[in-house]
Amino acid sequence: MSEKPDVLVIGGGVIGSAVAYFLAAEPAFDGRVTVVERDPTYATSSTALSVASIRQQFSTPENIRMSLFGAEFFRSAGQYLAIDGEAPDIAFRESGYLFLATEESLPILESNHHTQLDCGAAVALLTPAELRMRFPWLAVDDLAAGSLGLANEGWLDSYALLQAFKQKAISLGVRYLRDEVVGLARQGNRLVAAELASGDRLEFGLAVNAAGPRANRLAAMAGLDLPVRARKRIVHVIDCPQPIADCPLVIDPTGLYFRPEGRNFLSGISPAPDQDPDQDPDSDGLELANDLFETIWPLLARRVPAFETLKLVRAWAGHYAYNTLDQNAILGPHPEVENLYFTNGFSGHGLQQSPAVGRAMSELITFGSYRTLDLSRFGYERIIENKPVPELNVV
Ligand SMILES: Cc1cc2nc3c(=O)[nH]c(=O)nc-3n(C[C@H](O)[C@H](O)[C@H](O)COP(=O)(O)OP(=O)(O)OC[C@H]3O[C@@H](n4cnc5c(N)ncnc54)[C@H](O)[C@@H]3O)c2cc1C
């Protein structure tokens with residue numbers, strides 16, 4: 001096989017491609033980067049099937065700051081990722097999230113609001129009367145407040161972002177290899193080579209696990225038990241004949257969400273924990289649960305009476321990489337297998353975190369430490385010590 005890469009990124013979705021781009025763009029990094037991707041169509045990748053939205057409304061300061069950087073990056077992606085003066089269009093539409101709270105969840109909403117303001121987020125708490133005035137189509141009778149993002153939130157074209165990272169990385173010298181890593185050779189506390197489905201063997205200096213919902217399989221090849229599992233999420237595309245002006249991405253107290261997508265809306269709901277089994281990304285298909293929409297529709301119509309007249313256009317399902325310990329990212333090297341770096345377990349917020357993760361990994365790999373945003377609380381040590389860093393969720 002050709003030259004040995006200094007960094008082998010395993011998985012070329014939005015995370016792997018962001019890592020490759022930020023490494024290649026870092027002037028102090030002068031190594032060779034190869035990305036190995038088993039399916040360059042990305043047909044069943046999390047990235048291609050994402051709802052592709054970004055919020056600054058988290059409770060963990062690191063997550064808030066990662067999204068603030070993400071929003072700034074998305075706004076200027078055309079400049080950062082242009083090739084020979086040609087700017088990609090990732091269709092970033094800046095529009096707020098609106099988290100709705102009942103009396104019960106109000107203390108969490110308020111506590112998160114203060115953390116968000118401390119981190120520099122642009123958010124406003126609205127009373128039910130203010131909500132009614134701003135969003136006359138919204139039912140507010142059961143609500144105590146809403147938290148609205150005033151900037152730094154919105155949605156984008158996830159596939160366009162992935163391709164923009166990838167093409168820019170290639171233009172900077174990164175090699176993409178169509179193959180699948182099926183084994184990892186370990187000597188003591190280091191990995192030395194990847195065995196590929198093609199039969200080739202690829203030696204490398206350092207490997208990055210960017211395998212999305214397959215991340216635990218890759219970790220198992222190195223003898224590690226990564227607490228990340230594939231979970232299925234279903235997204236409905238709906239058409240509403242009545243106008244719903246200036247609709248943000250609404251998060252209902254029931255866990256339902258909806259947001260505009262062109263002239264339609266996207267909507268979904270996270271399943272209850274006891275109805276959210278681990279999936280096998282190879283054998284568990286992405287078939288749809290026909291009865292799910294029957295659960296969602298009344299919730300939609302309860303919150304927005306105009307949704308009474310909606311029509312289901314289509315639906316799709318995707319797997320996302322769920323961190324079973326605390327639903328937050330796992331980032332950086334393993335304490336024992338020192339040249340295996342993790343970028344896994346984003347649990348539904350990896351797309352928006354891709355710029356921050358790419359930058360963070362390029363810093364760790366190039367300098368041995370974080371330079372801009374300290375993400376060490378998301379390190380692998382917390383997994384070994386069983387010390388979760390959980391989000392305080394309103395729903
Ligand atoms: C329905 C849904 C809605 C979502 N909504 C949002 C949202 O609104 N906002 C947000 O921020 N995030 C959202 N997410 C999550 C987000 O899409 C993911 O966190 C993100 O795309 C993860 O990117 P990734 O590169 O880690 O994974 P992927 O995109 O899955 O890429 C991993 C790649 O690794 C490859 N691979 C795996 N194993 C190997 C191997 N052994 N050898 C070679 N290649 C391998 C795979 O083929 C795949 O292409 C959502 C996800 C889903 C499914």
# chains A, B, ... in the order shown; residues from 1 in each chain; ligands from 1

$ residues_near_ligand --ligand "ligand 1" --cutoff "6 Å" --atoms "only C-alpha atoms and all ligand atoms" --output "VMD selection string"
chain A and resid 10 to 16 36 to 39 42 45 to 47 49 to 54 179 to 182 210 to 214 218 233 to 235 317 to 320 346 348 to 352

$ residues_around --residues "region 358-370 of chain A" --least-positions-apart "5" --cutoff "7 Å" --atoms "only C-alpha atoms" --output "PyMOL selection string"
chain A and resi 15+18-19+22-23+28-29

$ residues_around --residues "Asp89 (chain A)" --least-positions-apart "3" --cutoff "8 Å" --atoms "only C-alpha atoms" --output "PDB file with N, CA and C atoms, in the first residue's frame"
ATOM      1  N   ALA A  77     -18.799  29.712   6.587  1.00  0.00           N
ATOM      2  CA  ALA A  77     -18.293  28.465   5.978  1.00  0.00           C
ATOM      3  C   ALA A  77     -17.857  28.687   4.540  1.00  0.00           C
ATOM      4  N   GLY A  78     -18.583  29.556   3.835  1.00  0.00           N
ATOM      5  CA  GLY A  78     -18.233  29.838   2.437  1.00  0.00           C
ATOM      6  C   GLY A  78     -16.802  30.329   2.318  1.00  0.00           C
ATOM      7  N   PHE A  92     -26.993  27.679   5.527  1.00  0.00           N
ATOM      8  CA  PHE A  92     -27.239  27.930   6.964  1.00  0.00           C
ATOM      9  C   PHE A  92     -28.326  28.976   7.092  1.00  0.00           C
ATOM     10  N   ALA A 160     -24.324  19.033   2.443  1.00  0.00           N
ATOM     11  CA  ALA A 160     -23.472  20.069   1.831  1.00  0.00           C
ATOM     12  C   ALA A 160     -22.301  20.401   2.761  1.00  0.00           C
TER      13      ALA A 160
END

$ residues_around --residues "Ser111 (chain A)" --least-positions-apart "2" --cutoff "12 Å" --atoms "only C-alpha atoms" --output "VMD selection string"
chain A and resid 57 to 60 105 to 109 113 to 118 125 147 391 to 394

$ write_last_selection --atoms "N, CA and C atoms" --output "PDB file, in the first residue's frame"
ATOM      1  N   GLN A  57     -28.605  26.479  23.255  1.00  0.00           N
ATOM      2  CA  GLN A  57     -29.340  26.287  24.512  1.00  0.00           C
ATOM      3  C   GLN A  57     -29.059  24.907  25.100  1.00  0.00           C
ATOM      4  N   PHE A  58     -27.919  24.827  25.798  1.00  0.00           N
ATOM      5  CA  PHE A  58     -27.527  23.645  26.572  1.00  0.00           C
ATOM      6  C   PHE A  58     -27.340  24.091  28.018  1.00  0.00           C
ATOM      7  N   SER A  59     -27.065  23.134  28.899  1.00  0.00           N
ATOM      8  CA  SER A  59     -26.748  23.499  30.292  1.00  0.00           C
ATOM      9  C   SER A  59     -25.250  23.367  30.570  1.00  0.00           C
ATOM     10  N   THR A  60     -24.545  22.579  29.751  1.00  0.00           N
ATOM     11  CA  THR A  60     -23.110  22.373  29.975  1.00  0.00           C
ATOM     12  C   THR A  60     -22.334  23.462  29.231  1.00  0.00           C
ATOM     13  N   SER A 105     -40.968  22.386  34.830  1.00  0.00           N
ATOM     14  CA  SER A 105     -39.614  22.442  34.247  1.00  0.00           C
ATOM     15  C   SER A 105     -39.020  23.859  34.240  1.00  0.00           C
ATOM     16  N   LEU A 106     -39.799  24.838  34.757  1.00  0.00           N
ATOM     17  CA  LEU A 106     -39.328  26.225  34.741  1.00  0.00           C
ATOM     18  C   LEU A 106     -37.980  26.425  35.465  1.00  0.00           C
ATOM     19  N   PRO A 107     -37.769  25.815  36.640  1.00  0.00           N
ATOM     20  CA  PRO A 107     -36.473  26.040  37.314  1.00  0.00           C
ATOM     21  C   PRO A 107     -35.274  25.617  36.451  1.00  0.00           C
ATOM     22  N   ILE A 108     -35.414  24.533  35.695  1.00  0.00           N
ATOM     23  CA  ILE A 108     -34.302  24.094  34.824  1.00  0.00           C
ATOM     24  C   ILE A 108     -34.108  25.097  33.692  1.00  0.00           C
ATOM     25  N   LEU A 109     -35.233  25.556  33.120  1.00  0.00           N
ATOM     26  CA  LEU A 109     -35.138  26.533  32.022  1.00  0.00           C
ATOM     27  C   LEU A 109     -34.408  27.791  32.509  1.00  0.00           C
ATOM     28  N   HIS A 113     -30.772  29.176  31.434  1.00  0.00           N
ATOM     29  CA  HIS A 113     -30.727  30.525  30.860  1.00  0.00           C
ATOM     30  C   HIS A 113     -29.530  31.310  31.436  1.00  0.00           C
ATOM     31  N   HIS A 114     -29.352  31.216  32.745  1.00  0.00           N
ATOM     32  CA  HIS A 114     -28.244  31.971  33.369  1.00  0.00           C
ATOM     33  C   HIS A 114     -26.893  31.439  32.909  1.00  0.00           C
ATOM     34  N   THR A 115     -26.772  30.107  32.832  1.00  0.00           N
ATOM     35  CA  THR A 115     -25.510  29.520  32.335  1.00  0.00           C
ATOM     36  C   THR A 115     -25.248  29.979  30.908  1.00  0.00           C
ATOM     37  N   GLN A 116     -26.301  29.969  30.098  1.00  0.00           N
ATOM     38  CA  GLN A 116     -26.142  30.372  28.688  1.00  0.00           C
ATOM     39  C   GLN A 116     -25.700  31.827  28.576  1.00  0.00           C
ATOM     40  N   LEU A 117     -26.312  32.707  29.380  1.00  0.00           N
ATOM     41  CA  LEU A 117     -25.907  34.122  29.342  1.00  0.00           C
ATOM     42  C   LEU A 117     -24.445  34.266  29.778  1.00  0.00           C
ATOM     43  N   ASP A 118     -24.058  33.526  30.816  1.00  0.00           N
ATOM     44  CA  ASP A 118     -22.660  33.580  31.301  1.00  0.00           C
ATOM     45  C   ASP A 118     -21.677  33.185  30.196  1.00  0.00           C
ATOM     46  N   LEU A 125     -35.788  34.959  27.837  1.00  0.00           N
ATOM     47  CA  LEU A 125     -36.895  34.236  28.461  1.00  0.00           C
ATOM     48  C   LEU A 125     -38.177  35.010  28.187  1.00  0.00           C
ATOM     49  N   SER A 147     -37.926  29.816  26.220  1.00  0.00           N
ATOM     50  CA  SER A 147     -36.589  30.385  26.041  1.00  0.00           C
ATOM     51  C   SER A 147     -36.293  30.401  24.548  1.00  0.00           C
ATOM     52  N   GLU A 391     -26.351  16.609  30.812  1.00  0.00           N
ATOM     53  CA  GLU A 391     -27.085  17.841  30.515  1.00  0.00           C
ATOM     54  C   GLU A 391     -28.301  17.927  31.443  1.00  0.00           C
ATOM     55  N   LEU A 392     -28.665  19.145  31.818  1.00  0.00           N
ATOM     56  CA  LEU A 392     -29.919  19.366  32.541  1.00  0.00           C
ATOM     57  C   LEU A 392     -30.975  19.715  31.500  1.00  0.00           C
ATOM     58  N   ASN A 393     -31.782  18.742  31.152  1.00  0.00           N
ATOM     59  CA  ASN A 393     -32.724  18.957  30.061  1.00  0.00           C
ATOM     60  C   ASN A 393     -34.069  19.474  30.551  1.00  0.00           C
ATOM     61  N   VAL A 394     -34.657  20.387  29.787  1.00  0.00           N
ATOM     62  CA  VAL A 394     -35.984  20.910  30.130  1.00  0.00           C
ATOM     63  C   VAL A 394     -37.029  19.827  29.904  1.00  0.00           C
TER      64      VAL A 394
END

$ residues_around --residues "Gln242 (chain A)" --least-positions-apart "5" --cutoff "9 Å" --atoms "only C-alpha atoms" --output "PyMOL selection string"
chain A and resi 306-307+309-310

$ write_last_selection --atoms "C-alpha atoms" --output "PDB file, in the first residue's frame"
ATOM      1  CA  ALA A 306     -53.239  24.992  12.658  1.00  0.00           C
ATOM      2  CA  PHE A 307     -51.516  21.593  12.537  1.00  0.00           C
ATOM      3  CA  THR A 309     -55.062  20.189   8.990  1.00  0.00           C
ATOM      4  CA  LEU A 310     -51.551  18.926   8.311  1.00  0.00           C
TER       5      LEU A 310
END

$ select_by_dssp --residues "region 156-363 of chain A" --states "strand (DSSP E or B)" --output "PyMOL selection string"
chain A and resi 175-178+181-187+190-196+201-203+206-209+228-239+249-251+256-261+264-269+279+311-323+330-333+340-344

$ closest_residue --among "A:Val9, A:Leu98, A:Ala272, A:Ala124" --to "Phe342 (chain A)" --atoms "only C-alpha atoms"
A:Val9

$ closest_residue --among "A:Arg302, A:Ala220, A:Asn152, A:Gly146" --to "Met66 (chain A)" --atoms "only C-alpha atoms"
A:Asn152

$ atom_distance --atom1 "CA of Pro40 (chain A)" --atom2 "CA of Leu162 (chain A)"
11.1 Å

$ closest_residue --among "A:Glu130, A:Ala164, A:Gly173, A:Asn63" --to "Ile90 (chain A)" --atoms "only C-alpha atoms"
A:Ala164

$ select_by_dssp --residues "region 283-319 of chain A" --states "alpha helix (DSSP H)" --output "number ranges by chain"
A: 292-303

$ residues_around --residues "Val395 (chain A)" --least-positions-apart "5" --cutoff "9 Å" --atoms "only C-alpha atoms" --output "list in words"
Phe99, Leu100, Ala101, Ser105, Ile251, Asp252, Pro253, Thr254 and Gly255 of chain A

$ atom_distance --atom1 "CA of Leu68 (chain A)" --atom2 "CA of Tyr21 (chain A)"
19.2 Å

$ atom_distance --atom1 "CA of Met221 (chain A)" --atom2 "CA of Asp374 (chain A)"
28.8 Å
